[in-house]
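Asks: Structure supplied as target-v2.pdb; contents: PDB, C-alpha atoms and all ligand atoms.
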```
ATOM      1  CA  MET A   1       0.000   0.000   0.000
ATOM      2  CA  ASN A   2       1.571   3.284  -1.061
ATOM      3  CA  ASP A   3      -1.066   5.783  -0.015
ATOM      4  CA  THR A   4      -0.352   7.914   3.006
ATOM      5  CA  THR A   5      -3.934   8.826   3.844
ATOM      6  CA  PHE A   6      -5.599   6.376   6.149
ATOM      7  CA  GLN A   7      -9.181   6.109   7.339
ATOM      8  CA  MET A   8      -9.668   4.785  10.834
ATOM      9  CA  THR A   9     -11.518   1.454  10.821
ATOM     10  CA  PRO A  10     -15.273   2.212  10.968
ATOM     11  CA  GLY A  11     -16.700   1.867  14.460
ATOM     12  CA  TRP A  12     -13.295   2.225  16.109
ATOM     13  CA  LEU A  13     -13.212   4.987  18.710
ATOM     14  CA  PRO A  14     -10.513   7.687  18.856
ATOM     15  CA  PHE A  15      -8.711   8.240  22.151
ATOM     16  CA  HIS A  16     -10.293  10.406  24.865
ATOM     17  CA  PRO A  17      -9.884  14.070  23.836
ATOM     18  CA  ASP A  18      -9.756  15.514  27.339
ATOM     19  CA  PRO A  19      -8.749  13.013  30.026
ATOM     20  CA  SER A  20      -9.441  14.067  33.613
ATOM     21  CA  LYS A  21      -6.722  14.812  36.115
ATOM     22  CA  PRO A  22      -6.314  11.700  38.290
ATOM     23  CA  ARG A  23      -6.884  11.996  42.021
ATOM     24  CA  PHE A  24      -4.149   9.433  42.612
ATOM     25  CA  ALA A  25      -0.687  11.000  42.353
ATOM     26  CA  PRO A  26       1.800   8.450  41.014
ATOM     27  CA  PRO A  27       5.092   8.305  42.931
ATOM     28  CA  PRO A  28       7.971  10.345  41.472
ATOM     29  CA  GLY A  29       9.574   8.579  38.531
ATOM     30  CA  ALA A  30       6.479   6.517  37.644
ATOM     31  CA  VAL A  31       6.540   4.591  34.359
ATOM     32  CA  ASP A  32       3.601   4.003  32.002
ATOM     33  CA  ALA A  33       4.859   0.595  30.867
ATOM     34  CA  HIS A  34       2.363  -0.099  28.075
ATOM     35  CA  CYS A  35       1.412   2.530  25.516
ATOM     36  CA  HIS A  36       1.680   3.033  21.789
ATOM     37  CA  VAL A  37       2.373   5.607  19.112
ATOM     38  CA  PHE A  38       0.412   5.379  15.850
ATOM     39  CA  GLY A  39       1.884   7.105  12.833
ATOM     40  CA  PRO A  40       1.066   9.779  12.018
ATOM     41  CA  GLY A  41       0.208   7.726   8.957
ATOM     42  CA  ALA A  42       1.402  10.401   6.545
ATOM     43  CA  GLN A  43       4.897  10.119   8.034
ATOM     44  CA  PHE A  44       4.936   6.504   9.233
ATOM     45  CA  PRO A  45       2.453   4.507   7.122
ATOM     46  CA  TYR A  46       0.486   1.670   8.664
ATOM     47  CA  ALA A  47       1.439  -1.863   7.667
ATOM     48  CA  PRO A  48      -0.222  -3.335   4.553
ATOM     49  CA  GLU A  49      -0.963  -6.557   6.463
ATOM     50  CA  ARG A  50      -2.681  -4.759   9.388
ATOM     51  CA  LYS A  51      -6.053  -5.959  10.669
ATOM     52  CA  TYR A  52      -7.222  -2.482  11.689
ATOM     53  CA  THR A  53      -6.383   1.134  10.953
ATOM     54  CA  PRO A  54      -6.078   3.264  14.078
ATOM     55  CA  CYS A  55      -6.377   6.993  14.554
ATOM     56  CA  ASP A  56      -3.050   8.803  14.437
ATOM     57  CA  ALA A  57      -1.556   9.105  17.927
ATOM     58  CA  SER A  58       1.720  10.970  17.852
ATOM     59  CA  LYS A  59       4.702  10.981  20.166
ATOM     60  CA  GLU A  60       3.944  14.592  21.116
ATOM     61  CA  GLN A  61       0.431  13.599  22.199
ATOM     62  CA  LEU A  62       1.800  10.636  24.147
ATOM     63  CA  PHE A  63       4.377  12.749  25.970
ATOM     64  CA  ALA A  64       1.724  15.389  26.785
ATOM     65  CA  LEU A  65      -0.495  12.678  28.277
ATOM     66  CA  ARG A  66       2.463  11.355  30.301
ATOM     67  CA  ASP A  67       2.920  14.789  31.858
ATOM     68  CA  HIS A  68      -0.807  15.345  32.380
ATOM     69  CA  LEU A  69      -1.189  12.048  34.264
ATOM     70  CA  GLY A  70       1.863  12.677  36.446
ATOM     71  CA  PHE A  71       4.152  10.051  34.946
ATOM     72  CA  ALA A  72       7.864  10.400  34.194
ATOM     73  CA  ARG A  73       8.544   7.727  31.594
ATOM     74  CA  ASN A  74       6.939   5.544  28.923
ATOM     75  CA  VAL A  75       7.501   2.072  27.567
ATOM     76  CA  ILE A  76       6.211   2.217  24.009
ATOM     77  CA  VAL A  77       4.998  -1.090  22.606
ATOM     78  CA  GLN A  78       4.796  -1.913  18.916
ATOM     79  CA  ALA A  79       1.182  -2.514  17.930
ATOM     80  CA  THR A  80       0.143  -4.793  15.112
ATOM     81  CA  CYS A  81      -1.129  -1.978  12.896
ATOM     82  CA  HIS A  82       2.532  -1.070  12.258
ATOM     83  CA  GLY A  83       3.561  -4.707  11.655
ATOM     84  CA  SER A  84       7.333  -5.126  11.935
ATOM     85  CA  ASP A  85       8.015  -1.570  10.734
ATOM     86  CA  ASN A  86       9.190   0.009  13.979
ATOM     87  CA  ARG A  87      10.079   3.454  12.590
ATOM     88  CA  ALA A  88       7.344   5.392  14.395
ATOM     89  CA  LEU A  89       8.298   3.766  17.692
ATOM     90  CA  VAL A  90      12.047   4.317  17.243
ATOM     91  CA  ASP A  91      11.417   7.939  16.239
ATOM     92  CA  ALA A  92       9.458   8.441  19.471
ATOM     93  CA  LEU A  93      12.256   6.913  21.534
ATOM     94  CA  LEU A  94      14.831   9.159  19.887
ATOM     95  CA  HIS A  95      12.740  12.244  20.704
ATOM     96  CA  SER A  96      12.002  11.282  24.314
ATOM     97  CA  ASP A  97      15.119  12.685  25.993
ATOM     98  CA  GLY A  98      15.800   9.189  27.284
ATOM     99  CA  ARG A  99      12.386   9.023  28.955
ATOM    100  CA  ALA A 100      11.001   6.265  26.741
ATOM    101  CA  ARG A 101      12.095   2.712  26.065
ATOM    102  CA  GLY A 102      10.589   0.384  23.490
ATOM    103  CA  VAL A 103       9.231  -3.066  22.692
ATOM    104  CA  VAL A 104       9.442  -3.850  18.977
ATOM    105  CA  THR A 105       8.132  -6.505  16.636
ATOM    106  CA  VAL A 106      10.731  -8.083  14.376
ATOM    107  CA  ASN A 107      10.689 -10.858  11.831
ATOM    108  CA  ARG A 108      13.376 -13.444  11.232
ATOM    109  CA  GLY A 109      14.945 -11.318   8.469
ATOM    110  CA  VAL A 110      16.058  -8.614  10.908
ATOM    111  CA  THR A 111      19.825  -8.084  10.790
ATOM    112  CA  ASP A 112      22.171  -7.868  13.754
ATOM    113  CA  ALA A 113      23.000  -4.291  12.746
ATOM    114  CA  GLU A 114      19.280  -3.397  12.835
ATOM    115  CA  LEU A 115      18.924  -4.982  16.272
ATOM    116  CA  ARG A 116      21.950  -3.040  17.550
ATOM    117  CA  ALA A 117      20.562   0.231  16.166
ATOM    118  CA  MET A 118      17.227  -0.418  17.875
ATOM    119  CA  HIS A 119      19.033  -1.182  21.116
ATOM    120  CA  ALA A 120      20.947   2.095  20.860
ATOM    121  CA  ALA A 121      17.625   3.917  20.424
ATOM    122  CA  GLY A 122      16.260   2.365  23.622
ATOM    123  CA  VAL A 123      14.564  -0.873  22.568
ATOM    124  CA  ARG A 124      14.689  -3.569  25.250
ATOM    125  CA  ALA A 125      12.217  -6.248  24.147
ATOM    126  CA  THR A 126      10.375  -7.873  21.289
ATOM    127  CA  ARG A 127       6.672  -8.724  21.267
ATOM    128  CA  PHE A 128       4.962 -11.941  20.195
ATOM    129  CA  ASN A 129       1.246 -11.503  19.602
ATOM    130  CA  PHE A 130      -1.023 -14.564  19.585
ATOM    131  CA  LEU A 131      -4.413 -12.908  19.097
ATOM    132  CA  ARG A 132      -5.838 -14.245  15.873
ATOM    133  CA  ARG A 133      -7.977 -11.138  15.363
ATOM    134  CA  LEU A 134      -4.749  -9.071  15.320
ATOM    135  CA  VAL A 135      -2.102 -11.118  13.524
ATOM    136  CA  ASP A 136      -1.539 -14.037  11.192
ATOM    137  CA  PHE A 137       0.067 -17.153  12.658
ATOM    138  CA  THR A 138       3.861 -17.280  12.941
ATOM    139  CA  PRO A 139       5.414 -20.745  13.352
ATOM    140  CA  ARG A 140       6.841 -21.359  16.844
ATOM    141  CA  GLU A 141      10.289 -22.210  15.470
ATOM    142  CA  VAL A 142      10.502 -18.719  13.962
ATOM    143  CA  LEU A 143       9.623 -17.159  17.324
ATOM    144  CA  VAL A 144      12.203 -19.346  19.085
ATOM    145  CA  GLU A 145      14.802 -18.217  16.567
ATOM    146  CA  ILE A 146      13.936 -14.551  17.207
ATOM    147  CA  ALA A 147      14.052 -15.065  20.985
ATOM    148  CA  GLN A 148      17.512 -16.584  20.670
ATOM    149  CA  ARG A 149      18.663 -13.648  18.541
ATOM    150  CA  ILE A 150      17.491 -10.974  20.992
ATOM    151  CA  ALA A 151      18.491 -12.716  24.243
ATOM    152  CA  PRO A 152      22.204 -11.805  23.973
ATOM    153  CA  LEU A 153      21.219  -8.110  23.849
ATOM    154  CA  GLY A 154      19.635  -8.502  27.297
ATOM    155  CA  TRP A 155      16.186  -8.011  25.791
ATOM    156  CA  HIS A 156      13.085  -9.825  26.975
ATOM    157  CA  VAL A 157       9.957 -11.122  25.241
ATOM    158  CA  VAL A 158       6.502  -9.567  25.687
ATOM    159  CA  VAL A 159       3.599 -11.898  24.914
ATOM    160  CA  TYR A 160      -0.047 -11.115  24.238
ATOM    161  CA  PHE A 161      -2.583 -13.942  24.354
ATOM    162  CA  GLU A 162      -6.033 -14.772  25.724
ATOM    163  CA  ALA A 163      -6.646 -16.963  28.774
ATOM    164  CA  GLN A 164      -8.210 -19.836  26.885
ATOM    165  CA  ASP A 165      -5.009 -20.241  24.843
ATOM    166  CA  LEU A 166      -2.617 -20.538  27.790
ATOM    167  CA  PRO A 167      -2.719 -24.365  28.034
ATOM    168  CA  GLU A 168      -1.618 -24.644  24.427
ATOM    169  CA  LEU A 169       1.054 -21.941  24.773
ATOM    170  CA  TRP A 170       2.395 -23.101  28.157
ATOM    171  CA  ASP A 171       5.299 -25.221  26.843
ATOM    172  CA  PHE A 172       6.391 -22.504  24.433
ATOM    173  CA  PHE A 173       6.355 -19.776  27.085
ATOM    174  CA  THR A 174       8.160 -21.852  29.692
ATOM    175  CA  THR A 175      11.050 -22.686  27.409
ATOM    176  CA  LEU A 176      11.783 -19.113  26.295
ATOM    177  CA  PRO A 177      15.355 -18.118  27.242
ATOM    178  CA  THR A 178      14.497 -14.618  28.495
ATOM    179  CA  THR A 179      12.269 -12.794  30.933
ATOM    180  CA  VAL A 180       8.693 -13.099  29.628
ATOM    181  CA  VAL A 181       6.262 -10.215  30.214
ATOM    182  CA  VAL A 182       2.557 -10.988  29.738
ATOM    183  CA  ASP A 183       0.285  -8.239  28.462
ATOM    184  CA  HIS A 184      -2.945  -7.520  30.329
ATOM    185  CA  MET A 185      -2.753 -10.481  32.777
ATOM    186  CA  GLY A 186      -3.212 -12.934  29.909
ATOM    187  CA  ARG A 187      -6.688 -11.500  29.331
ATOM    188  CA  PRO A 188      -8.726 -13.340  31.987
ATOM    189  CA  ASP A 189     -12.484 -13.664  31.645
ATOM    190  CA  VAL A 190     -13.399 -11.606  34.715
ATOM    191  CA  ARG A 191     -16.895 -13.147  34.885
ATOM    192  CA  LYS A 192     -15.142 -16.299  36.108
ATOM    193  CA  PRO A 193     -13.905 -16.566  39.716
ATOM    194  CA  VAL A 194     -10.517 -15.077  40.535
ATOM    195  CA  ASP A 195      -9.642 -18.386  42.231
ATOM    196  CA  GLY A 196     -11.184 -20.545  39.482
ATOM    197  CA  PRO A 197      -9.164 -22.908  37.270
ATOM    198  CA  GLU A 198      -8.579 -20.435  34.449
ATOM    199  CA  PHE A 199      -6.895 -17.682  36.456
ATOM    200  CA  GLU A 200      -5.238 -20.258  38.737
ATOM    201  CA  LEU A 201      -3.384 -21.529  35.687
ATOM    202  CA  PHE A 202      -2.012 -18.061  35.062
ATOM    203  CA  VAL A 203      -1.015 -17.666  38.719
ATOM    204  CA  LYS A 204       0.673 -21.070  38.488
ATOM    205  CA  LEU A 205       2.637 -19.906  35.457
ATOM    206  CA  MET A 206       3.982 -16.968  37.432
ATOM    207  CA  ARG A 207       4.509 -18.997  40.619
ATOM    208  CA  GLU A 208       6.452 -21.785  38.933
ATOM    209  CA  HIS A 209       8.399 -19.571  36.535
ATOM    210  CA  GLY A 210      10.201 -16.704  38.204
ATOM    211  CA  ASN A 211      11.072 -15.185  34.821
ATOM    212  CA  VAL A 212       7.389 -14.497  34.020
ATOM    213  CA  TRP A 213       6.056 -11.001  34.739
ATOM    214  CA  SER A 214       2.601  -9.526  34.133
ATOM    215  CA  LYS A 215       1.179  -6.166  33.199
ATOM    216  CA  VAL A 216      -1.849  -5.514  35.417
ATOM    217  CA  SER A 217      -3.278  -3.338  32.685
ATOM    218  CA  CYS A 218      -6.308  -2.879  30.462
ATOM    219  CA  PRO A 219      -9.250  -3.046  32.869
ATOM    220  CA  GLU A 220     -11.197  -1.223  30.152
ATOM    221  CA  ARG A 221     -10.801  -4.221  27.810
ATOM    222  CA  LEU A 222     -11.473  -6.874  30.442
ATOM    223  CA  SER A 223     -14.288  -5.278  32.412
ATOM    224  CA  VAL A 224     -17.913  -6.282  32.028
ATOM    225  CA  SER A 225     -19.163  -3.876  34.706
ATOM    226  CA  GLY A 226     -17.477  -0.935  32.971
ATOM    227  CA  PRO A 227     -15.973   2.252  34.306
ATOM    228  CA  ALA A 228     -18.864   3.314  36.527
ATOM    229  CA  ALA A 229     -17.645   5.217  39.533
ATOM    230  CA  LEU A 230     -19.590   4.645  42.752
ATOM    231  CA  ASP A 231     -21.079   7.598  44.607
ATOM    232  CA  GLY A 232     -18.584   9.972  43.127
ATOM    233  CA  GLU A 233     -15.724   7.747  44.325
ATOM    234  CA  ARG A 234     -13.297   7.089  41.519
ATOM    235  CA  ASP A 235     -13.427   3.305  41.859
ATOM    236  CA  PRO A 236     -13.618   2.203  38.219
ATOM    237  CA  TYR A 237     -13.673  -1.229  36.611
ATOM    238  CA  ARG A 238     -14.449  -2.946  39.914
ATOM    239  CA  ASP A 239     -14.796  -6.423  38.413
ATOM    240  CA  VAL A 240     -11.158  -6.388  37.250
ATOM    241  CA  VAL A 241      -9.764  -5.284  40.623
ATOM    242  CA  PRO A 242      -9.600  -8.754  42.284
ATOM    243  CA  PHE A 243      -7.562 -10.161  39.391
ATOM    244  CA  ALA A 244      -5.030  -7.332  39.235
ATOM    245  CA  ARG A 245      -4.821  -7.015  43.012
ATOM    246  CA  ARG A 246      -4.118 -10.715  43.416
ATOM    247  CA  LEU A 247      -1.150 -10.487  41.052
ATOM    248  CA  VAL A 248       0.173  -7.284  42.639
ATOM    249  CA  GLU A 249       0.026  -8.826  46.120
ATOM    250  CA  THR A 250       1.332 -12.277  45.142
ATOM    251  CA  PHE A 251       4.108 -11.136  42.814
ATOM    252  CA  PRO A 252       4.884  -7.562  43.898
ATOM    253  CA  ASP A 253       8.286  -7.573  42.189
ATOM    254  CA  ARG A 254       7.069  -8.830  38.793
ATOM    255  CA  VAL A 255       4.142  -6.599  37.912
ATOM    256  CA  LEU A 256       3.960  -3.551  35.641
ATOM    257  CA  TRP A 257       1.197  -1.074  34.864
ATOM    258  CA  GLY A 258       0.364   0.835  31.692
ATOM    259  CA  THR A 259      -2.371   2.988  30.205
ATOM    260  CA  ASP A 260      -2.522   1.209  26.810
ATOM    261  CA  TRP A 261      -3.090   4.666  25.304
ATOM    262  CA  PRO A 262      -4.413   5.300  22.638
ATOM    263  CA  HIS A 263      -6.461   2.142  23.266
ATOM    264  CA  PRO A 264      -6.622   0.518  19.828
ATOM    265  CA  ASN A 265      -9.597  -1.542  18.762
ATOM    266  CA  LEU A 266     -12.132  -0.279  21.255
ATOM    267  CA  LYS A 267     -15.595   0.063  19.811
ATOM    268  CA  ASP A 268     -17.996   0.465  22.712
ATOM    269  CA  HIS A 269     -16.189   2.433  25.362
ATOM    270  CA  MET A 270     -13.136   4.700  25.310
ATOM    271  CA  PRO A 271     -11.601   5.136  28.759
ATOM    272  CA  ASP A 272     -10.775   8.396  30.436
ATOM    273  CA  ASP A 273      -7.035   7.953  31.064
ATOM    274  CA  GLY A 274      -7.296   9.896  34.326
ATOM    275  CA  LEU A 275      -9.817   7.350  35.585
ATOM    276  CA  LEU A 276      -7.476   4.529  34.570
ATOM    277  CA  VAL A 277      -4.804   6.033  36.819
ATOM    278  CA  ASP A 278      -7.340   6.089  39.646
ATOM    279  CA  PHE A 279      -7.676   2.304  39.206
ATOM    280  CA  ILE A 280      -4.113   1.933  40.540
ATOM    281  CA  PRO A 281      -4.692   2.482  44.297
ATOM    282  CA  HIS A 282      -7.427  -0.177  44.199
ATOM    283  CA  ILE A 283      -5.011  -2.828  42.922
ATOM    284  CA  ALA A 284      -1.845  -1.646  44.705
ATOM    285  CA  THR A 285      -3.179  -0.592  48.069
ATOM    286  CA  THR A 286      -0.030   0.575  49.848
ATOM    287  CA  ALA A 287       2.633   3.120  48.981
ATOM    288  CA  ALA A 288       5.227   0.317  48.958
ATOM    289  CA  LEU A 289       3.259  -1.747  46.416
ATOM    290  CA  GLN A 290       2.600   1.332  44.291
ATOM    291  CA  ARG A 291       6.280   2.164  44.213
ATOM    292  CA  LYS A 292       7.233  -1.351  43.103
ATOM    293  CA  LEU A 293       4.509  -1.427  40.441
ATOM    294  CA  LEU A 294       5.146   2.007  38.982
ATOM    295  CA  VAL A 295       8.825   2.708  39.618
ATOM    296  CA  ASP A 296      11.073  -0.086  40.900
ATOM    297  CA  ASN A 297       9.869  -2.906  38.626
ATOM    298  CA  PRO A 298       9.761  -1.036  35.304
ATOM    299  CA  MET A 299      13.063   0.676  36.084
ATOM    300  CA  ARG A 300      14.737  -2.669  36.805
ATOM    301  CA  LEU A 301      13.467  -4.083  33.526
ATOM    302  CA  TYR A 302      13.813  -1.096  31.175
ATOM    303  CA  TRP A 303      16.357   1.258  32.798
ATOM    304  CA  PRO A 304      18.532  -1.158  34.834
ATOM    305  CA  GLU A 305      21.483   1.204  34.597
ATOM    306  CA  ALA A 306      19.478   3.856  36.508
ATOM    307  CA  ALA A 307      17.468   1.597  38.839
TER     308      ALA A 307
HETATM  309  C1  LIG A 401      -3.084  -3.512  23.131
HETATM  310  C2  LIG A 401      -4.251  -4.296  22.779
HETATM  311  C3  LIG A 401      -4.703  -4.538  21.526
HETATM  312  C4  LIG A 401      -3.998  -4.273  20.315
HETATM  313  C5  LIG A 401      -2.712  -4.600  20.093
HETATM  314  O1  LIG A 401      -0.827  -4.760  18.817
HETATM  315  C6  LIG A 401      -2.016  -4.479  18.816
HETATM  316  O2  LIG A 401      -2.624  -4.137  17.812
HETATM  317  O3  LIG A 401      -1.990  -5.089  21.077
HETATM  318  C7  LIG A 401      -6.008  -5.176  21.399
HETATM  319  O4  LIG A 401      -6.639  -4.988  20.351
HETATM  320  O5  LIG A 401      -6.425  -5.907  22.340
HETATM  321  O6  LIG A 401      -2.360  -3.872  24.057
HETATM  322  O7  LIG A 401      -2.824  -2.501  22.496
END
```
Show the structure stored in the file as structure tokens.
Ligand code: 0GY
Replies:
Amino acid sequence: MNDTTFQMTPGWLPFHPDPSKPRFAPPPGAVDAHCHVFGPGAQFPYAPERKYTPCDASKEQLFALRDHLGFARNVIVQATCHGSDNRALVDALLHSDGRARGVVTVNRGVTDAELRAMHAAGVRATRFNFLRRLVDFTPREVLVEIAQRIAPLGWHVVVYFEAQDLPELWDFFTTLPTTVVVDHMGRPDVRKPVDGPEFELFVKLMREHGNVWSKVSCPERLSVSGPAALDGERDPYRDVVPFARRLVETFPDRVLWGTDWPHPNLKDHMPDDGLLVDFIPHIATTAALQRKLLVDNPMRLYWPEAA
């Protein structure tokens, strides 16, 4: 595709135009460890093989949101709409004054020189996406080959999958040679019990494999009850709280949090990013847990030289 004008997929919502100021003040140095930049398409075209076309969401808009929400740093994650063309992400890293690190998507053709250049720009991980609505299937041996290529750089692997696919993916995940970071708690079905077999399997993965971390992110995607705040209290996405809180309290040193701005692929509800920040004190209920979640853990993983 050579055109540089893109129409957002019909029905897809743009990001919130005017997020509220959170009541919760993140600790100094807090990291938004899962967010994206999209295009702008005229400068960084979307991938021909993409399954959706997002709205443009520039690095300037991302950095303005970071400041508005009271965060200090970003981890920018390659989304599938840009395929394995990481130019928009790398450009954002290079313009972040060292305040952003990145998670790219690469294919097996990537050269060592390209990997080194991405590392110099601030990339620290590669992402494997297993959601069939987002990507075509990549054979496991190709992913293993990529993991072996990036491991010597000290990078880790970020994985995105849905809870019902964990049994099938278990052996692959547990043989990866790096730290493995799971997006959005492995997407549990929050209508099921937090101590039921499905989420127990995810907890078991983290308990038995000390190299597995989880992002306690995306309540807006997982929630059935929705954002409703109770009696003016900013207590949103209540049905997701038990799941995220269990992980934060069981594995306080291996959890990360992120906004997921600009929230691709949402059709029914676009979150207020300020309200998402006010989800944090409900899942990390002490200052010590909040500091680990928002500062110590992401710094250890993405800025180890400064942690
Ligand atoms: C997310 C979630 C989604 C999209 C992607 O790479 C992507 O396109 O991850 C989703 O649609 O659930 O983390 O951004």
Asks: At what distance in Å, to one decimal, does CA of Leu69 in chain A lie from CA of Arg23 in chain A?
Replies: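 Taking CA of Arg23 in chain A as the start and CA of Leu69 in chain A as the end point, the length is 9.6 Å.
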Asks: The PyMOL selection byres (((chain A and resi 56-59) around 10) and not hetatm) on the file shown: which residues, as a ChimeraX atom specification?
Replies: /A:6-8,14-15,36-42,44,46,53-55,60-65,76,88-89,91-93,95-96,261-262
Asks: List all protein, DNA and RNA residues that have any atom at most 8 Å from ligand LIG 401 (chain A), counting only C-alpha atoms and all ligand atoms, and write the list as a list of chain:residue names.
Replies: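 Using only C-alpha atoms and all ligand atoms, I find these residues within 8 Å of ligand LIG 401 (chain A): A:His34, A:Cys35, A:His36, A:Tyr52, A:Val77, A:Gln78, A:Ala79, A:Thr80, A:Cys81, A:Asn129, A:Leu131, A:Leu134, A:Tyr160, A:Asp183, A:His184, A:Cys218, A:Arg221, A:Asp260, A:Trp261, A:Pro262, A:His263, A:Pro264, A:Asn265, A:Leu266.
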Asks: Run the PyMOL selection byres (((chain A and resi 307) around 12) and not hetatm) against the file shown and list the residues it catches, as a JSON list (two decimals) with C-alpha atoms, keeping the file's coordinate frame.
Replies:
```json
[["chain", "number", "residue", "atom", "x", "y", "z"],
["A", 29, "GLY", "CA", 9.57, 8.58, 38.53],
["A", 292, "LYS", "CA", 7.23, -1.35, 43.10],
["A", 295, "VAL", "CA", 8.82, 2.71, 39.62],
["A", 296, "ASP", "CA", 11.07, -0.09, 40.90],
["A", 297, "ASN", "CA", 9.87, -2.91, 38.63],
["A", 298, "PRO", "CA", 9.76, -1.04, 35.30],
["A", 299, "MET", "CA", 13.06, 0.68, 36.08],
["A", 300, "ARG", "CA", 14.74, -2.67, 36.80],
["A", 301, "LEU", "CA", 13.47, -4.08, 33.53],
["A", 302, "TYR", "CA", 13.81, -1.10, 31.18],
["A", 303, "TRP", "CA", 16.36, 1.26, 32.80],
["A", 304, "PRO", "CA", 18.53, -1.16, 34.83],
["A", 305, "GLU", "CA", 21.48, 1.20, 34.60],
["A", 306, "ALA", "CA", 19.48, 3.86, 36.51]]
```
Asks: Nearest residue to Lys21 in chain A out of A:Val240, A:Ala284, A:Leu289, A:Leu275, using only C-alpha atoms?
Replies: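 That would be A:Leu275, the residue with the smallest distance to Lys21 in chain A.
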Asks: Which residue gives the smallest distance to Asp268 in chain A among A:Asp165, A:Asp18, A:Glu220, A:Glu198, with all atoms listed in the file counted?
Replies: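 Using all atoms listed in the file, the shortest distance to Asp268 in chain A belongs to A:Glu220.
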Asks: Could you spell out the hits of the PyMOL selection byres (((chain A and resi 276) around 9) and not hetatm) on the shown file, as a PyMOL selection string?
Replies: chain A and resi 22+218-220+227+236-237+259+271-275+277-280
Asks: List the spatial neighbours of Val144 in chain A as a PDB file with C-alpha atoms, in the frame of the given file - criterion: any atom at most 12 Å away, only C-alpha atoms, same-chain residues fewer than 3 positions off excluded.
Replies:
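See selection.pdb below for the written result:
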```pdb
ATOM      1  CA  ASN A 107      10.689 -10.858  11.831  1.00  0.00           C
ATOM      2  CA  ARG A 108      13.376 -13.444  11.232  1.00  0.00           C
ATOM      3  CA  THR A 126      10.375  -7.873  21.289  1.00  0.00           C
ATOM      4  CA  PHE A 128       4.962 -11.941  20.195  1.00  0.00           C
ATOM      5  CA  THR A 138       3.861 -17.280  12.941  1.00  0.00           C
ATOM      6  CA  PRO A 139       5.414 -20.745  13.352  1.00  0.00           C
ATOM      7  CA  ARG A 140       6.841 -21.359  16.844  1.00  0.00           C
ATOM      8  CA  GLU A 141      10.289 -22.210  15.470  1.00  0.00           C
ATOM      9  CA  ALA A 147      14.052 -15.065  20.985  1.00  0.00           C
ATOM     10  CA  GLN A 148      17.512 -16.584  20.670  1.00  0.00           C
ATOM     11  CA  ARG A 149      18.663 -13.648  18.541  1.00  0.00           C
ATOM     12  CA  ILE A 150      17.491 -10.974  20.992  1.00  0.00           C
ATOM     13  CA  ALA A 151      18.491 -12.716  24.243  1.00  0.00           C
ATOM     14  CA  VAL A 157       9.957 -11.122  25.241  1.00  0.00           C
ATOM     15  CA  ASP A 171       5.299 -25.221  26.843  1.00  0.00           C
ATOM     16  CA  PHE A 172       6.391 -22.504  24.433  1.00  0.00           C
ATOM     17  CA  PHE A 173       6.355 -19.776  27.085  1.00  0.00           C
ATOM     18  CA  THR A 174       8.160 -21.852  29.692  1.00  0.00           C
ATOM     19  CA  THR A 175      11.050 -22.686  27.409  1.00  0.00           C
ATOM     20  CA  LEU A 176      11.783 -19.113  26.295  1.00  0.00           C
ATOM     21  CA  PRO A 177      15.355 -18.118  27.242  1.00  0.00           C
ATOM     22  CA  THR A 178      14.497 -14.618  28.495  1.00  0.00           C
TER      23      THR A 178
END
```
Asks: Please return the centre and edge lengths, in Å to one decimal, of a box with edges along x, y and z that contains all listed atoms of range 250-255 of chain A, widened by 3 Å on every side, as AutoDock Vina command-line options.
Replies:
```
--center_x 4.8 --center_y -9.4 --center_z 41.5 --size_x 13.0 --size_y 11.7 --size_z 13.2
```
Asks: Identify which of the residues A:Asp85, A:Asp112, A:Glu208, A:Asp235 lies closest to Phe251 in chain A, counting all atoms listed in the file when measuring atom-to-atom distances.
Replies: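 Checking each candidate against Phe251 in chain A, we get A:Glu208 as the closest.
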Asks: Return the single residue from A:Val255, A:Val104, A:Val224, A:Leu247 that is closest to Ala125 in chain A, with distances computed using only C-alpha atoms.
Replies: A:Val104
Asks: What is the CA of Arg207 in chain A to CA of Pro193 in chain A distance in Å?
Replies: 18.6 Å
Asks: Give as a ChimeraX atom specification each residue that has an atom at most 12 Å from (-11.8, -8.3, 30.0) in the file, counting all atoms listed in the file.
Replies: /A:162-163,184-192,216-226,237-241,243-244,266
Asks: So how many Å separate CA of Gly11 in chain A and CA of Arg50 in chain A, to one decimal?
Replies: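 Interatomic distance, CA of Gly11 in chain A to CA of Arg50 in chain A: 16.3 Å.
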Asks: For Leu115 in chain A, list every protein, DNA or RNA residue within 9 Å, evaluated using all atoms listed in the file, and leave out those in the same chain fewer than 5 positions away; present the list as number ranges by chain.
Replies: A: 106, 110, 120, 123, 149-150, 153
Asks: With C-alpha atoms retained, write the just-selected residues as a CSV table (one decimal), in the coordinates of the input.
Replies:
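Saved the output as again25.csv:
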```csv
chain,number,residue,atom,x,y,z
A,106,VAL,CA,10.7,-8.1,14.4
A,110,VAL,CA,16.1,-8.6,10.9
A,120,ALA,CA,20.9,2.1,20.9
A,123,VAL,CA,14.6,-0.9,22.6
A,149,ARG,CA,18.7,-13.6,18.5
A,150,ILE,CA,17.5,-11.0,21.0
A,153,LEU,CA,21.2,-8.1,23.8
```
Asks: Measuring atom to atom with all atoms listed in the file, identify which of A:Arg254, A:Ala47, A:Ala72, A:Arg245 is nearest to Val182 in chain A.
Replies: A:Arg254
Asks: With distances taken over all atoms listed in the file, which residue among A:Arg132, A:Lys204, A:Lys215, A:His269 lies nearest Val158 in chain A?
Replies: A:Lys215
